[in-house]
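Asks: start13.csv is the file, holding CSV, C-alpha atoms:
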chain,number,residue,atom,x,y,z
A,121,MET,CA,3.8,-16.8,7.1
A,122,ARG,CA,2.7,-20.1,8.6
A,123,THR,CA,-0.8,-21.8,8.4
A,124,LEU,CA,-2.0,-23.0,11.8
A,125,TRP,CA,-5.4,-24.6,11.2
A,126,LYS,CA,-8.3,-25.1,8.8
A,127,THR,CA,-11.9,-26.4,9.1
A,128,ALA,CA,-14.8,-27.3,7.0
A,129,PRO,CA,-15.7,-24.9,4.1
A,130,ALA,CA,-18.4,-22.3,4.4
A,131,PRO,CA,-21.9,-23.1,2.9
A,132,ARG,CA,-22.6,-21.8,-0.6
A,133,THR,CA,-25.4,-19.3,-1.0
A,134,GLU,CA,-27.4,-17.9,-3.9
A,135,VAL,CA,-26.5,-14.2,-4.5
A,136,GLY,CA,-27.6,-12.1,-7.5
A,137,VAL,CA,-26.8,-8.5,-8.5
A,138,ASP,CA,-29.7,-6.0,-8.7
A,139,PRO,CA,-29.6,-4.7,-12.3
A,140,ALA,CA,-30.9,-1.3,-11.2
A,141,ALA,CA,-28.0,-0.9,-8.7
A,142,ALA,CA,-25.5,-1.9,-11.4
A,143,GLU,CA,-27.1,0.6,-13.9
A,144,GLU,CA,-27.0,3.4,-11.3
A,145,PHE,CA,-23.3,2.9,-10.6
A,146,ILE,CA,-22.3,2.6,-14.3
A,147,ALA,CA,-24.2,5.8,-15.0
A,148,GLN,CA,-22.4,7.5,-12.1
A,149,PHE,CA,-19.0,6.3,-13.2
A,150,HIS,CA,-19.5,7.7,-16.7
A,151,ALA,CA,-21.0,10.9,-15.4
A,152,GLU,CA,-17.9,11.6,-13.2
A,153,ASN,CA,-15.5,10.2,-15.8
A,154,PRO,CA,-16.5,11.8,-19.2
A,155,GLN,CA,-13.4,10.4,-20.9
A,156,ALA,CA,-14.9,6.9,-20.5
A,157,GLY,CA,-17.5,7.8,-23.2
A,158,PRO,CA,-21.2,7.3,-23.2
A,159,ALA,CA,-22.7,5.0,-20.5
A,160,ALA,CA,-25.4,3.3,-22.6
A,161,PRO,CA,-23.2,0.7,-24.3
A,162,ARG,CA,-21.6,-0.3,-21.0
A,163,ILE,CA,-24.9,-0.5,-19.3
A,164,ALA,CA,-26.3,-2.8,-22.0
A,165,ALA,CA,-23.3,-5.1,-21.7
A,166,VAL,CA,-23.6,-5.2,-17.9
A,167,ARG,CA,-27.3,-6.1,-18.1
A,168,ARG,CA,-26.5,-8.9,-20.5
A,169,HIS,CA,-23.9,-10.3,-18.1
A,170,ILE,CA,-26.3,-10.1,-15.2
A,171,ASP,CA,-29.0,-11.9,-17.2
A,172,LEU,CA,-26.6,-14.7,-18.1
A,173,THR,CA,-24.6,-15.1,-14.9
A,174,GLY,CA,-26.4,-13.2,-12.1
A,175,THR,CA,-23.5,-10.8,-11.8
A,176,TYR,CA,-20.9,-8.8,-13.8
A,177,TRP,CA,-17.2,-7.9,-13.6
A,178,HIS,CA,-16.1,-4.4,-13.0
A,179,THR,CA,-13.4,-3.0,-15.2
A,180,PRO,CA,-10.2,-1.9,-13.3
A,181,GLU,CA,-11.2,1.7,-13.8
A,182,GLU,CA,-14.7,1.1,-12.4
A,183,LEU,CA,-13.3,-0.9,-9.5
A,184,ALA,CA,-10.9,1.9,-8.5
A,185,PHE,CA,-13.5,4.6,-8.9
A,186,GLY,CA,-16.0,2.6,-6.9
A,187,ALA,CA,-13.6,2.0,-4.0
A,188,ARG,CA,-12.7,5.7,-3.8
A,189,VAL,CA,-16.3,6.7,-3.9
A,190,ALA,CA,-17.2,4.2,-1.2
A,191,TRP,CA,-14.7,6.0,1.0
A,192,ARG,CA,-16.2,9.3,-0.1
A,193,ASN,CA,-19.7,8.1,0.9
A,194,ASN,CA,-18.8,6.6,4.2
A,195,ALA,CA,-20.7,8.6,6.8
A,196,ARG,CA,-18.5,7.5,9.8
A,197,CYS,CA,-15.2,8.6,8.4
A,198,ILE,CA,-13.7,12.0,9.2
A,199,GLY,CA,-10.7,11.7,6.9
A,200,ARG,CA,-12.5,11.7,3.5
A,201,LEU,CA,-10.7,14.8,2.2
A,202,TYR,CA,-8.1,12.3,0.9
A,203,TRP,CA,-10.5,10.0,-0.9
A,204,ARG,CA,-9.0,10.5,-4.3
A,205,SER,CA,-5.5,9.4,-3.1
A,206,LEU,CA,-6.7,5.9,-2.2
A,207,GLN,CA,-4.4,3.3,-3.8
A,208,VAL,CA,-6.4,0.4,-5.1
A,209,ARG,CA,-4.9,-3.1,-5.3
A,210,ASP,CA,-7.0,-5.2,-7.7
A,211,LEU,CA,-6.7,-8.7,-6.3
A,212,ARG,CA,-9.9,-10.2,-7.7
A,213,THR,CA,-8.1,-13.3,-9.1
A,214,VAL,CA,-6.6,-14.2,-5.7
A,215,GLY,CA,-9.2,-16.5,-4.0
A,216,ASP,CA,-7.2,-19.0,-2.0
A,217,ALA,CA,-6.7,-18.4,1.8
A,218,ALA,CA,-2.9,-18.3,1.6
A,219,GLY,CA,-2.9,-15.9,-1.3
A,220,VAL,CA,-5.3,-13.6,0.5
A,221,ALA,CA,-3.3,-13.7,3.7
A,222,GLY,CA,0.0,-13.1,1.8
A,223,HIS,CA,-1.4,-10.1,0.0
A,224,CYS,CA,-2.8,-8.7,3.3
A,225,VAL,CA,0.8,-8.9,4.6
A,226,GLU,CA,2.0,-7.0,1.5
A,227,HIS,CA,-0.8,-4.5,2.1
A,228,LEU,CA,0.5,-3.8,5.6
A,229,ARG,CA,4.0,-3.2,4.3
A,230,ALA,CA,2.9,-1.0,1.4
A,231,ALA,CA,0.6,1.1,3.6
A,232,HIS,CA,3.2,1.6,6.3
A,233,ASN,CA,5.6,3.0,3.6
A,234,GLY,CA,8.4,3.7,6.1
A,235,GLY,CA,6.1,5.5,8.5
A,236,LYS,CA,4.6,7.8,5.8
A,237,ILE,CA,1.3,6.0,5.9
A,238,ARG,CA,-0.7,5.9,2.7
A,239,PRO,CA,-4.3,5.0,2.1
A,240,VAL,CA,-4.6,1.6,0.5
A,241,ILE,CA,-7.4,-0.9,-0.3
A,242,SER,CA,-6.9,-4.5,-1.4
A,243,ILE,CA,-9.9,-5.9,-3.1
A,244,PHE,CA,-10.3,-9.7,-3.3
A,245,PRO,CA,-12.9,-11.7,-5.3
A,246,PRO,CA,-16.5,-10.6,-5.2
A,247,GLN,CA,-19.5,-12.6,-4.1
A,248,ALA,CA,-21.1,-14.5,-7.0
A,249,PRO,CA,-24.2,-16.8,-7.3
A,250,SER,CA,-23.5,-20.1,-5.6
A,251,ARG,CA,-20.0,-19.0,-4.8
A,252,PRO,CA,-19.2,-17.3,-1.5
A,253,ALA,CA,-16.2,-14.9,-1.6
A,254,PRO,CA,-13.3,-15.0,0.7
A,255,ARG,CA,-13.7,-13.2,4.0
A,256,ILE,CA,-11.5,-12.1,6.8
A,257,TRP,CA,-12.5,-12.8,10.4
A,258,ASN,CA,-10.3,-10.1,12.0
A,259,GLU,CA,-11.8,-6.7,12.5
A,260,GLN,CA,-8.5,-5.2,11.5
A,261,LEU,CA,-5.5,-7.0,10.1
A,262,ILE,CA,-3.6,-6.3,13.3
A,263,ARG,CA,-5.6,-7.0,16.5
A,264,TYR,CA,-4.3,-7.6,20.0
A,265,ALA,CA,-5.3,-10.7,22.0
A,266,GLY,CA,-7.6,-10.5,25.0
A,267,TYR,CA,-6.9,-13.3,27.5
A,268,ASP,CA,-9.4,-14.5,30.2
A,269,LEU,CA,-7.8,-14.3,33.7
A,270,PRO,CA,-9.1,-15.7,37.0
A,271,GLY,CA,-11.7,-13.5,38.6
A,272,GLY,CA,-13.1,-12.3,35.4
A,273,GLN,CA,-10.2,-10.1,34.5
A,274,ILE,CA,-8.8,-9.8,30.9
A,275,LEU,CA,-5.2,-9.3,29.9
A,276,GLY,CA,-4.9,-7.4,26.7
A,277,ASP,CA,-7.8,-6.0,24.6
A,278,PRO,CA,-11.2,-7.2,25.8
A,279,ARG,CA,-12.7,-6.3,22.4
A,280,ASN,CA,-10.9,-9.3,20.9
A,281,ARG,CA,-11.7,-11.8,23.7
A,282,ASP,CA,-14.0,-14.0,21.6
A,283,LEU,CA,-11.6,-14.1,18.7
A,284,THR,CA,-8.7,-14.9,21.1
A,285,ARG,CA,-10.7,-17.8,22.6
A,286,GLU,CA,-11.5,-19.1,19.1
A,287,VAL,CA,-8.0,-19.1,17.7
A,288,ILE,CA,-6.6,-20.7,20.9
A,289,ASP,CA,-9.2,-23.4,20.6
A,290,ARG,CA,-8.1,-23.9,17.0
A,291,GLY,CA,-4.5,-24.3,17.8
A,292,TRP,CA,-2.9,-20.9,18.1
A,293,ARG,CA,-0.2,-20.9,20.8
A,294,PRO,CA,0.2,-17.5,22.5
A,295,PRO,CA,3.7,-16.4,23.6
A,296,ALA,CA,5.1,-18.3,26.6
A,297,VAL,CA,4.8,-15.1,28.6
A,298,ARG,CA,1.5,-13.6,27.6
A,299,GLY,CA,1.3,-9.8,27.3
A,300,ALA,CA,-1.2,-7.0,26.8
A,301,PHE,CA,-0.2,-6.5,23.1
A,302,ASP,CA,0.2,-9.9,21.6
A,303,VAL,CA,-0.7,-9.8,17.9
A,304,LEU,CA,-3.4,-12.3,16.9
A,305,PRO,CA,-3.1,-14.5,13.8
A,306,LEU,CA,-5.0,-13.5,10.7
A,307,VAL,CA,-8.0,-15.7,9.9
A,308,VAL,CA,-9.1,-16.1,6.3
A,309,GLU,CA,-12.1,-18.1,5.2
A,310,THR,CA,-12.8,-19.4,1.7
A,311,ALA,CA,-15.6,-21.6,0.3
A,312,ASP,CA,-13.3,-24.5,-0.6
A,313,GLU,CA,-10.9,-24.4,2.4
A,314,GLY,CA,-13.0,-23.1,5.3
A,315,PRO,CA,-11.3,-20.8,7.8
A,316,ARG,CA,-7.5,-20.9,8.0
A,317,MET,CA,-5.2,-19.1,10.3
A,318,PHE,CA,-1.9,-17.3,9.5
A,319,LEU,CA,0.8,-15.7,11.6
A,320,LEU,CA,1.7,-12.2,10.6
A,321,PRO,CA,5.5,-11.7,10.2
A,322,ASP,CA,7.2,-9.3,12.5
A,323,ASP,CA,8.3,-7.0,9.6
A,324,ALA,CA,4.7,-6.4,8.6
A,325,VAL,CA,3.5,-5.4,12.1
A,326,HIS,CA,4.9,-1.9,12.8
A,327,GLU,CA,4.2,-0.7,16.3
A,328,VAL,CA,4.9,2.6,18.1
A,329,PRO,CA,6.1,2.4,21.8
A,330,LEU,CA,4.3,5.1,23.8
A,331,GLU,CA,6.0,7.7,25.9
A,332,HIS,CA,5.0,11.1,27.2
A,333,PRO,CA,6.9,14.4,26.4
A,334,GLU,CA,7.0,15.4,30.1
A,335,LEU,CA,6.2,12.4,32.3
A,336,PRO,CA,9.3,10.0,32.3
A,337,TRP,CA,7.4,7.2,34.1
A,338,PHE,CA,4.9,6.9,31.3
A,339,ALA,CA,7.2,4.8,29.2
A,340,GLU,CA,7.4,2.3,32.1
A,341,LEU,CA,3.8,1.4,31.5
A,342,GLY,CA,5.0,-0.6,28.5
A,343,LEU,CA,2.2,0.7,26.2
A,344,LYS,CA,2.3,0.6,22.4
A,345,TRP,CA,0.0,0.6,19.4
A,346,HIS,CA,0.2,-0.6,15.8
A,347,ALA,CA,0.8,2.1,13.2
A,348,VAL,CA,-1.5,1.1,10.4
A,349,PRO,CA,-5.3,0.7,11.0
A,350,VAL,CA,-6.4,-1.7,8.3
A,351,ILE,CA,-10.2,-2.3,8.6
A,352,SER,CA,-10.6,-5.8,7.3
A,353,ASN,CA,-14.2,-7.1,8.0
A,354,ASN,CA,-16.3,-4.5,6.2
A,355,ARG,CA,-18.1,-5.4,3.0
A,356,LEU,CA,-17.5,-3.2,0.0
A,357,ASP,CA,-20.6,-2.7,-2.2
A,358,ILE,CA,-20.0,-1.3,-5.7
A,359,GLY,CA,-22.9,-1.2,-8.1
A,360,GLY,CA,-24.6,-4.2,-6.4
A,361,VAL,CA,-21.5,-6.3,-6.5
A,362,SER,CA,-20.4,-7.3,-3.0
A,363,TYR,CA,-16.7,-7.6,-2.0
A,364,PRO,CA,-16.6,-9.2,1.5
A,365,ALA,CA,-12.8,-9.1,1.7
A,366,ALA,CA,-11.6,-5.6,0.9
A,367,PRO,CA,-9.2,-4.4,3.7
A,368,PHE,CA,-8.5,-0.7,3.6
A,369,ASN,CA,-6.7,1.9,5.7
A,370,GLY,CA,-6.0,5.5,6.2
A,371,TRP,CA,-3.9,6.7,9.2
A,372,TYR,CA,-4.8,7.1,12.8
A,373,MET,CA,-6.4,10.2,14.4
A,374,GLY,CA,-4.8,10.3,17.8
A,375,THR,CA,-8.1,10.2,19.8
A,376,GLU,CA,-8.9,6.8,18.3
A,377,ILE,CA,-5.9,5.4,20.3
A,378,GLY,CA,-5.7,7.8,23.3
A,379,ALA,CA,-9.3,8.5,23.9
A,380,ARG,CA,-10.9,5.1,22.9
A,381,ASN,CA,-8.6,2.1,22.5
A,382,LEU,CA,-6.5,2.9,25.6
A,383,ALA,CA,-9.1,4.7,27.7
A,384,ASP,CA,-12.6,3.1,27.2
A,385,THR,CA,-13.7,1.0,30.2
A,386,ASP,CA,-14.4,-1.9,27.9
A,387,ARG,CA,-11.0,-1.7,26.2
A,388,TYR,CA,-7.7,-1.1,28.0
A,389,ASP,CA,-9.3,1.1,30.7
A,390,LEU,CA,-6.0,2.9,31.5
A,391,VAL,CA,-7.5,6.1,32.9
A,392,PRO,CA,-7.4,5.0,36.6
A,393,THR,CA,-3.9,3.6,36.2
A,394,VAL,CA,-2.5,6.8,34.7
A,395,ALA,CA,-4.4,9.0,37.2
A,396,GLU,CA,-2.8,7.1,40.1
A,397,ARG,CA,0.7,7.6,38.6
A,398,MET,CA,-0.1,11.3,38.1
A,399,GLY,CA,-1.1,11.6,41.7
A,400,LEU,CA,-4.5,13.1,40.9
A,401,ASP,CA,-7.4,13.4,43.3
A,402,THR,CA,-9.9,10.7,42.2
A,403,SER,CA,-12.2,11.1,45.1
A,404,SER,CA,-14.8,12.9,43.1
A,405,ASP,CA,-15.7,13.2,39.4
A,406,ALA,CA,-15.8,17.0,40.0
A,407,THR,CA,-12.0,17.2,40.1
A,408,LEU,CA,-12.1,16.3,36.4
A,409,TRP,CA,-9.3,13.8,36.9
A,410,ARG,CA,-10.6,11.7,34.0
A,411,ASP,CA,-10.4,14.6,31.7
A,412,ARG,CA,-6.9,15.5,32.8
A,413,VAL,CA,-5.8,11.9,32.1
A,414,LEU,CA,-7.4,11.8,28.7
A,415,VAL,CA,-5.5,14.9,27.6
A,416,GLU,CA,-2.2,13.3,28.7
A,417,LEU,CA,-2.9,10.0,27.1
A,418,ASN,CA,-3.6,11.7,23.8
A,419,ARG,CA,-0.5,13.9,24.1
A,420,ALA,CA,1.5,10.8,24.6
A,421,VAL,CA,0.1,9.1,21.5
A,422,LEU,CA,0.7,12.1,19.3
A,423,HIS,CA,4.1,12.7,20.7
A,424,SER,CA,5.2,9.1,20.3
A,425,PHE,CA,4.0,8.6,16.7
A,426,ARG,CA,5.7,11.8,15.6
A,427,ARG,CA,8.9,10.9,17.4
A,428,HIS,CA,8.9,7.7,15.5
A,429,ASP,CA,8.2,9.5,12.2
A,430,THR,CA,4.8,7.7,11.8
A,431,THR,CA,1.9,9.5,10.3
A,432,ILE,CA,-0.9,10.5,12.7
A,433,THR,CA,-3.3,13.5,12.9
A,434,ASP,CA,-4.9,15.3,15.8
A,435,HIS,CA,-8.7,15.8,16.1
A,436,HIS,CA,-8.6,19.6,15.7
A,437,THR,CA,-6.7,19.5,12.5
A,438,GLU,CA,-8.8,16.7,11.0
A,439,SER,CA,-12.0,18.4,12.0
A,440,ARG,CA,-11.1,21.4,10.0
A,441,ARG,CA,-10.0,19.3,7.1
A,442,PHE,CA,-13.3,17.4,7.1
A,443,LEU,CA,-15.3,20.7,6.7
A,444,THR,CA,-13.0,21.5,3.8
A,445,HIS,CA,-14.1,18.1,2.3
A,446,VAL,CA,-17.8,18.9,2.9
A,447,GLU,CA,-17.4,22.3,1.2
A,448,ARG,CA,-15.7,20.7,-1.8
A,449,GLU,CA,-18.5,18.1,-2.1
A,450,GLU,CA,-21.1,20.8,-2.0
A,451,GLN,CA,-19.3,22.8,-4.6
A,452,ALA,CA,-19.3,19.6,-6.8
A,453,GLY,CA,-23.0,19.4,-6.4
A,454,ARG,CA,-22.8,16.2,-4.3
A,455,ARG,CA,-24.3,15.4,-0.9
A,456,CYS,CA,-21.8,14.5,1.9
A,457,PRO,CA,-23.4,12.1,4.4
A,458,ALA,CA,-22.0,12.1,7.9
A,459,ASP,CA,-22.9,10.5,11.2
A,460,TRP,CA,-22.5,13.2,13.8
A,461,SER,CA,-21.8,10.7,16.6
A,462,TRP,CA,-18.8,9.4,14.6
A,463,ILE,CA,-17.5,12.6,13.0
A,464,VAL,CA,-17.3,14.6,16.3
A,465,PRO,CA,-14.1,13.5,18.1
A,466,PRO,CA,-14.4,11.6,21.4
A,467,MET,CA,-12.5,14.3,23.2
A,468,SER,CA,-13.1,18.1,23.3
A,469,GLY,CA,-15.9,17.8,20.8
A,470,SER,CA,-17.3,21.3,21.3
A,471,GLN,CA,-13.8,22.7,20.6
A,472,THR,CA,-13.8,21.3,17.1
A,473,PRO,CA,-15.8,22.9,14.2
A,474,VAL,CA,-17.5,19.7,13.3
A,475,PHE,CA,-19.5,19.8,16.5
A,476,HIS,CA,-21.5,22.9,15.7
A,477,ARG,CA,-23.6,21.8,12.7
A,478,TYR,CA,-25.9,19.1,11.3
A,479,TYR,CA,-25.1,16.7,8.5
A,480,ASP,CA,-26.9,14.8,5.7
A,481,GLY,CA,-27.7,11.4,7.1
A,482,ASP,CA,-28.5,9.6,3.8
A,483,GLU,CA,-26.8,6.4,2.9
A,484,LEU,CA,-25.1,6.6,-0.5
A,485,LYS,CA,-23.6,3.9,-2.6
A,486,PRO,CA,-20.9,2.7,-3.3
A,487,ASN,CA,-20.1,2.2,0.4
A,488,PHE,CA,-18.7,0.0,3.1
A,489,PHE,CA,-21.2,-2.0,5.2
A,490,ALA,CA,-21.3,-4.0,8.4
A,491,GLY,CA,-18.4,-5.5,10.4
A,492,SER,CA,-16.0,-3.2,12.3
A,493,THR,CA,-17.2,-0.3,14.5
A,494,GLU,CA,-13.9,1.5,14.1
A,495,CYS,CA,-13.0,4.1,11.5
A,496,PRO,CA,-9.5,4.0,10.0
A,497,TRP,CA,-9.0,7.6,10.8
Once more with this new file: its structure as structure tokens, please.

Replies:
Amino acid sequence: MRTLWKTAPAPRTEVGVDPAAAEEFIAQFHAENPQAGPAAPRIAAVRRHIDLTGTYWHTPEELAFGARVAWRNNARCIGRLYWRSLQVRDLRTVGDAAGVAGHCVEHLRAAHNGGKIRPVISIFPPQAPSRPAPRIWNEQLIRYAGYDLPGGQILGDPRNRDLTREVIDRGWRPPAVRGAFDVLPLVVETADEGPRMFLLPDDAVHEVPLEHPELPWFAELGLKWHAVPVISNNRLDIGGVSYPAAPFNGWYMGTEIGARNLADTDRYDLVPTVAERMGLDTSSDATLWRDRVLVELNRAVLHSFRRHDTTITDHHTESRRFLTHVEREEQAGRRCPADWSWIVPPMSGSQTPVFHRYYDGDELKPNFFAGSTECPW
């Protein structure tokens, strides 16, 4: 992995932990983990640390529990049935940009797991008073470039247009022949080094070429997508302690790729292209040509991932599993917040059971905040 550029360090800011938030989390940890013993001594120790330093240090057990519960509480995620299986990588002592980038590469390799994707989170140093924590600029560890073309057109992913401009201005050299799926470098910023840029090695970027089970010409479109969706610019909040760099992943739900990334008009906008190749009547929306294309795009995604032995799920299966999660949470006496607009799939929503009910909209902590608008499922 090679460094491409660096700039001035980020400004330092004053940040202090709210003692009430810390106490609430420690109490929750001990309530759900009775083997840890009574909460009072730990709460007293945490309060002393906050009084002295403005923050406190989670034990490895608290950190792992907090990360898993943050996933459990994330209202936008449909895949939370698996929250207990999240593998937590405690990397709080890795604060240099090269170290962060290197462990992000290892995260991609570990999460891919030969195609049997496993949920993983890598947690880097927390924010502390007068000491900004490392942060990752990329929305996901793997993002495709979006190049400006004459006439206002964009080659690649328009979502990453601004980041593409920035890294090119900073010295990144795109391939000699630019394509629609060029992987952007990883940008890591630290207080001492400022932002630095790193190329991801090929063996960490696993991609699935897309083909259709019945349309031979589909493969000629040259489409592909990366296998592991690692959200990397969300802030993890555990008991008032903020972890700005905590990349995490599950595995893809097919509609994220087929109904959003490839189909949205402000993304790859492939629906008209595929409709033309299918010979559909696009003269009127009433022919439902867009709907027919969306089905075939999603069939291609699911077919391709499975053909390449790479974990993926469909929206009908995952919707049923989510309601199983809701039921389990209710049986455990816990609320299960959910954002309806995110939980209901972007395709055939009314054909899934998650469509036909309301959800608790409360925001619970621990949780992930700000940054990416995509869910790793």

Asks: Would you work out the distance separating CA of Ile146 (chain A) from CA of Cys224 (chain A), expressed in Å to one decimal?

Replies: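 Between these atoms lies a distance of 28.6 Å.
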
Asks: Of the candidates A:Arg440, A:His326, A:Arg387, A:His423, which one gets nearest to Gly234 (chain A) if we count all atoms listed in the file?

Replies: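 When distances to Gly234 (chain A) are compared using all atoms listed in the file, the smallest one comes from A:His326.
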
Asks: Could you work out how far CA of Lys485 (chain A) lies from CA of Pro457 (chain A), giving the answer in Å with one decimal?

Replies: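 A separation of 10.8 Å between them.
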
Asks: Do you know which residues are at most 7 Å from Asn258 (chain A) counting all atoms listed in the file, after dropping those on the same chain fewer than 6 positions away, and could you put them as an MDAnalysis selection string?

Replies: chainID A and resid 306:307 352:353

Asks: Have a look at A:Ala490, A:Ala164, A:Val328, A:Leu443 and name the one nearest to Tyr478 (chain A); count only C-alpha atoms.

Replies: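 For Tyr478 (chain A), the nearest of the given residues is A:Leu443.
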
Asks: Given the choices A:Tyr388, A:Phe488, A:Phe145, A:Trp203, which gets closest to Asn280 (chain A) if the distance is worked out from all atoms listed in the file?

Replies: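 Comparing A:Tyr388, A:Phe488, A:Phe145, A:Trp203 against Asn280 (chain A), the winner is A:Tyr388.
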
Asks: Would you tabulate, counting only C-alpha atoms, all residues of region 344-403 of chain A that have an atom at most 10 Å from an atom of region 204-213 of chain A, showing the closest pair of atoms and their distance in Å to one decimal, sorted by chain then ascending number, as JSON lines?

Replies:
{"residue": "A:Tyr363", "atom": "CA", "partner": "A:Arg212", "partner_atom": "CA", "distance": 9.2}
{"residue": "A:Ala365", "atom": "CA", "partner": "A:Arg212", "partner_atom": "CA", "distance": 9.9}
{"residue": "A:Ala366", "atom": "CA", "partner": "A:Leu211", "partner_atom": "CA", "distance": 9.2}
{"residue": "A:Phe368", "atom": "CA", "partner": "A:Leu206", "partner_atom": "CA", "distance": 9.0}
{"residue": "A:Asn369", "atom": "CA", "partner": "A:Leu206", "partner_atom": "CA", "distance": 8.9}
{"residue": "A:Gly370", "atom": "CA", "partner": "A:Leu206", "partner_atom": "CA", "distance": 8.4}

Asks: Which residues are close to Asp434 (chain A), i.e. within 8 Å by only C-alpha atoms, leaving aside same-chain residues fewer than 3 positions away? Reply as number ranges by chain.

Replies: A: 373-375, 422, 437-438

Asks: Rank nothing, just name the residue among A:Asp386, A:Arg316, A:Arg255, A:Val189 nearest to Asp277 (chain A), using only C-alpha atoms.

Replies: A:Asp386

Asks: Rank nothing, just name the residue among A:Val303, A:Ile198, A:Val325, A:Ala142 nearest to Arg229 (chain A), using all atoms listed in the file.

Replies: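 Among A:Val303, A:Ile198, A:Val325, A:Ala142, it is A:Val325 that comes nearest to Arg229 (chain A).
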
Asks: Mind checking which residues fall within 6 Å of region 338-346 of chain A, counting all atoms listed in the file, ignoring those fewer than 5 positions away in the same chain, and posting them as JSON, numbers by chain?

Replies: {"A": [326, 327, 328, 329, 330, 331, 332]}

Asks: Go through A:Ala231, A:Val464, A:Ala151, A:Val166 and flag the residue nearest Trp371 (chain A), using only C-alpha atoms for the distances.

Replies: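 Selected residue with least distance to Trp371 (chain A): A:Ala231.
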
Asks: Just how far from CA of Pro246 (chain A) is CA of Asp216 (chain A), in Å to one decimal?

Replies: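 CA of Asp216 (chain A) sits 12.9 Å away from CA of Pro246 (chain A).
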
Asks: Residues proximal to (-23.8, 1.9, -21.4) were defined as those with any atom within 12 Å of that point in the file's coordinates, counting only C-alpha atoms. Which are they, as a list in words?

Replies: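 The answer, in the requested form, is Ala142, Glu143, Glu144, Phe145, Ile146, Ala147, Gln148, Phe149, His150, Ala151, Ala156, Gly157, Pro158, Ala159, Ala160, Pro161, Arg162, Ile163, Ala164, Ala165, Val166, Arg167 and Arg168 of chain A.
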
Asks: Write out as a count of residues only each polymer residue whose atoms come within 12 Å of Gly174 (chain A), counting all atoms listed in the file; drop sequence neighbours fewer than 4 positions from it.

Replies: 19

Asks: Do you know which residues are at most 10 Å from Glu181 (chain A) counting all atoms listed in the file, after dropping those on the same chain fewer than 2 positions away, and could you put them as a PyMOL selection string?

Replies: chain A and resi 149+153+156+178-179+183-186
